[in-house]
Amino acid sequence: MKPTSLSVHLLVIFALVNWAQAVQAEVDLVRLFENANPAVVVVSAYSESGTPLSQGSGVIIESSGKVVTNHHVISGASVIVVRRPKAEPVFASHVIATSEEWDLALLKIPGGNLPALTLASSRGAKVGTHVIAIGSPLGFENSISEGIIGGIRESLLQVTTPISPGSSGGALLSDSGEVLGLTTLIAQGGQNVNFAVPAEKITKLLSSVHAGTQERALGRLSSIPDPRAKGTSDANYYQAFREALKTSCSEIHDVDNAISQAISVGAPIYNAGSHIGCYRIYEGASYKLLYLLDTACPTVKMTLAAGLAQAERDTSDTDKAWTMRRTFDLIIGEPTQYK
């Protein structure tokens, strides 16, 4: 009996050790997100008149207010708004430097002693390295995902980390929280085949900036527009998403009708100033759809659930209403353009 009892004790100890390691890994991921998240921002680009052009992500890399993002996120913008988590949005004062070749742009925002992340050395990125991405895919602000570096292709990092439009310019982090790169490209039709600009390119861009350099001054508006306001759709991406919905949802026309009806009621309420009233209309329509669809239309249900979850995390009635409207727009194929 003693050998058997000893074996059982050893198995229990082994299981407890594995469980403790798994819990520790989860805690470390939570801690990494909590430490890095304050320095990952939403970058919204507008025309001179305030028309929304695109929305992406960015990373504060110097506490004095230097923010790096992708060049294609801010290209052609006259006004750029940057929003940190749980902070008021601010206008970027100017573009310090850009590199179309590396798809990078360096912005200056007001403030001092801001939370900032450290750039990794060129030796930090290796094939097989575990990575974490923080960005705003499809506008779901400051979401986290994980994967590995699957390859290094012509000065780009190939990563398995799931990213979507809106993630462009987001942070690709090592387990220690250093910035290995910026998420930038999605391989259409690929299965988690995405790309990031390595940190060494950001370092080179920073080293090319001389004291007082100001490549392009940016304008301001009388008020800061809602960064979730509707812009031009990314036709190719959202057409593909819409087609996927059609093939997986036999009741797509009923879904469209329900969403259109909710918008026709909620939008006038929003425009009349009751943002919480609009949100409640959208929220109710979403839960009703989730109930009626039951096991049908899994992608629609997943999208609605993600929107409701984000709205729960939003702190203002305005954000809650826009989150649900953006979710509806994604399903019916008319979303904001996210980069």
# chains A, B, ... in the order shown; residues from 1 in each chain; ligands from 1
$ residues_around --residues "stretch 256-259 of chain A" --least-positions-apart "6" --cutoff "12 Å" --atoms "only C-alpha atoms" --output "ChimeraX atom specification"
/A:242,245-246,249-250,265-267,281-290,292-293,300,304,324-334
$ write_last_selection --atoms "C-alpha atoms" --output "mmCIF file, in the first residue's frame"
data_model
loop_
_atom_site.group_PDB
_atom_site.id
_atom_site.type_symbol
_atom_site.label_atom_id
_atom_site.label_comp_id
_atom_site.auth_asym_id
_atom_site.auth_seq_id
_atom_site.Cartn_x
_atom_site.Cartn_y
_atom_site.Cartn_z
ATOM 1 C CA ARG A 242 -20.060 40.359 -44.949
ATOM 2 C CA LEU A 245 -21.715 36.216 -42.603
ATOM 3 C CA LYS A 246 -23.999 35.405 -45.515
ATOM 4 C CA CYS A 249 -26.141 32.734 -41.473
ATOM 5 C CA SER A 250 -29.274 31.628 -43.317
ATOM 6 C CA VAL A 265 -35.225 54.146 -33.553
ATOM 7 C CA GLY A 266 -31.920 54.630 -31.729
ATOM 8 C CA ALA A 267 -30.204 57.170 -34.019
ATOM 9 C CA ILE A 281 -32.325 50.456 -27.765
ATOM 10 C CA TYR A 282 -29.234 48.900 -29.369
ATOM 11 C CA GLU A 283 -28.526 46.749 -26.325
ATOM 12 C CA GLY A 284 -32.092 45.416 -26.247
ATOM 13 C CA ALA A 285 -32.074 44.625 -29.963
ATOM 14 C CA SER A 286 -28.761 42.763 -29.575
ATOM 15 C CA TYR A 287 -29.966 40.579 -26.724
ATOM 16 C CA LYS A 288 -33.197 39.861 -28.599
ATOM 17 C CA LEU A 289 -31.195 38.740 -31.641
ATOM 18 C CA LEU A 290 -28.953 36.530 -29.500
ATOM 19 C CA LEU A 292 -33.894 34.445 -31.392
ATOM 20 C CA LEU A 293 -30.878 33.155 -33.316
ATOM 21 C CA VAL A 300 -23.211 37.187 -35.980
ATOM 22 C CA LEU A 304 -22.853 40.943 -31.076
ATOM 23 C CA MET A 324 -23.080 49.099 -30.347
ATOM 24 C CA ARG A 325 -23.617 51.203 -33.477
ATOM 25 C CA ARG A 326 -20.164 50.207 -34.701
ATOM 26 C CA THR A 327 -21.031 46.566 -34.005
ATOM 27 C CA PHE A 328 -24.235 46.880 -36.037
ATOM 28 C CA ASP A 329 -22.389 48.620 -38.864
ATOM 29 C CA LEU A 330 -19.858 45.797 -38.988
ATOM 30 C CA ILE A 331 -22.596 43.179 -39.355
ATOM 31 C CA ILE A 332 -24.496 45.033 -42.076
ATOM 32 C CA GLY A 333 -21.267 45.869 -43.899
ATOM 33 C CA GLU A 334 -21.039 49.637 -43.379
#
$ residues_around --residues "stretch 98-108 of chain A" --least-positions-apart "6" --cutoff "9 Å" --atoms "only C-alpha atoms" --output "mmCIF file with C-alpha atoms, in the first residue's frame"
data_model
loop_
_atom_site.group_PDB
_atom_site.id
_atom_site.type_symbol
_atom_site.label_atom_id
_atom_site.label_comp_id
_atom_site.auth_asym_id
_atom_site.auth_seq_id
_atom_site.Cartn_x
_atom_site.Cartn_y
_atom_site.Cartn_z
ATOM 1 C CA SER A 64 7.591 63.569 -22.930
ATOM 2 C CA GLY A 65 4.790 62.711 -25.372
ATOM 3 C CA LYS A 66 6.287 60.915 -28.359
ATOM 4 C CA VAL A 67 3.813 58.470 -29.902
ATOM 5 C CA VAL A 68 4.647 56.027 -32.687
ATOM 6 C CA THR A 69 2.016 54.646 -35.050
ATOM 7 C CA ASN A 70 1.795 53.415 -38.627
ATOM 8 C CA HIS A 71 2.216 55.981 -41.390
ATOM 9 C CA HIS A 72 -0.846 54.706 -43.240
ATOM 10 C CA VAL A 73 -3.036 55.451 -40.192
ATOM 11 C CA ILE A 74 -2.342 59.206 -40.277
ATOM 12 C CA SER A 75 -1.500 59.690 -43.977
ATOM 13 C CA ALA A 92 -1.418 65.833 -31.509
ATOM 14 C CA SER A 155 12.531 43.190 -42.228
ATOM 15 C CA GLY A 169 0.188 50.797 -34.900
ATOM 16 C CA LEU A 182 4.152 47.596 -34.211
ATOM 17 C CA THR A 184 0.805 46.683 -39.199
ATOM 18 C CA VAL A 197 7.341 46.474 -38.092
ATOM 19 C CA LYS A 201 13.070 50.485 -37.347
ATOM 20 C CA ILE A 202 11.424 52.690 -34.717
ATOM 21 C CA LEU A 205 13.532 56.690 -36.985
ATOM 22 C CA LEU A 206 14.050 58.162 -33.510
ATOM 23 C CA GLU A 215 8.133 67.702 -39.952
#
$ select_by_dssp --residues "stretch 88-265 of chain A" --states "strand (DSSP E or B)" --output "JSON, numbers by chain"
{"A": [90, 91, 94, 95, 96, 97, 98, 99, 104, 105, 106, 107, 108, 119, 130, 131, 132, 133, 134, 135, 143, 144, 145, 146, 147, 148, 149, 150, 151, 152, 153, 156, 157, 158, 159, 171, 172, 173, 179, 180, 181, 182, 183, 184, 185, 186, 194, 195, 196, 197, 198, 216, 217]}
$ residues_around --residues "A:His130" --least-positions-apart "3" --cutoff "10 Å" --atoms "only C-alpha atoms" --output "MDAnalysis selection string"
chainID A and resid 125:127 146:150 159:161 173:175
$ closest_residue --among "A:Val90, A:Ala217, A:Val209, A:Ala296" --to "A:Glu251" --atoms "only C-alpha atoms"
A:Ala296
$ residues_around --residues "stretch 77-85 of chain A" --least-positions-apart "3" --cutoff "8 Å" --atoms "only C-alpha atoms" --output "number ranges by chain"
A: 37-48, 50, 53, 74, 88-92, 109, 142, 218-221, 224, 227
$ atom_distance --atom1 "atom CA of A:Ser145" --atom2 "atom CA of A:Thr323"
19.8 Å
$ atom_distance --atom1 "atom CA of A:Arg31" --atom2 "atom CA of A:Ala305"
25.4 Å
$ select_by_dssp --residues "stretch 23-242 of chain A" --states "alpha helix (DSSP H)" --output "MDAnalysis selection string"
chainID A and resid 23:36 71:74 199:207 235:242
$ residues_around --residues "A:His275" --least-positions-apart "5" --cutoff "8 Å" --atoms "only C-alpha atoms" --output "mmCIF file with N, CA and C atoms, in the first residue's frame"
data_model
loop_
_atom_site.group_PDB
_atom_site.id
_atom_site.type_symbol
_atom_site.label_atom_id
_atom_site.label_comp_id
_atom_site.auth_asym_id
_atom_site.auth_seq_id
_atom_site.Cartn_x
_atom_site.Cartn_y
_atom_site.Cartn_z
ATOM 1 N N ILE A 269 -32.896 59.169 -31.316
ATOM 2 C CA ILE A 269 -32.801 59.376 -29.868
ATOM 3 C C ILE A 269 -31.410 59.895 -29.507
ATOM 4 N N TYR A 270 -30.366 59.326 -30.137
ATOM 5 C CA TYR A 270 -28.996 59.792 -29.913
ATOM 6 C C TYR A 270 -28.865 61.252 -30.338
ATOM 7 N N ASP A 317 -21.872 56.999 -21.645
ATOM 8 C CA ASP A 317 -23.043 56.612 -22.439
ATOM 9 C C ASP A 317 -22.780 56.807 -23.933
ATOM 10 N N THR A 318 -22.009 57.838 -24.261
ATOM 11 C CA THR A 318 -21.681 58.098 -25.665
ATOM 12 C C THR A 318 -20.886 56.948 -26.257
ATOM 13 N N ALA A 321 -23.051 53.807 -26.763
ATOM 14 C CA ALA A 321 -23.916 53.896 -27.940
ATOM 15 C C ALA A 321 -23.121 53.680 -29.218
#
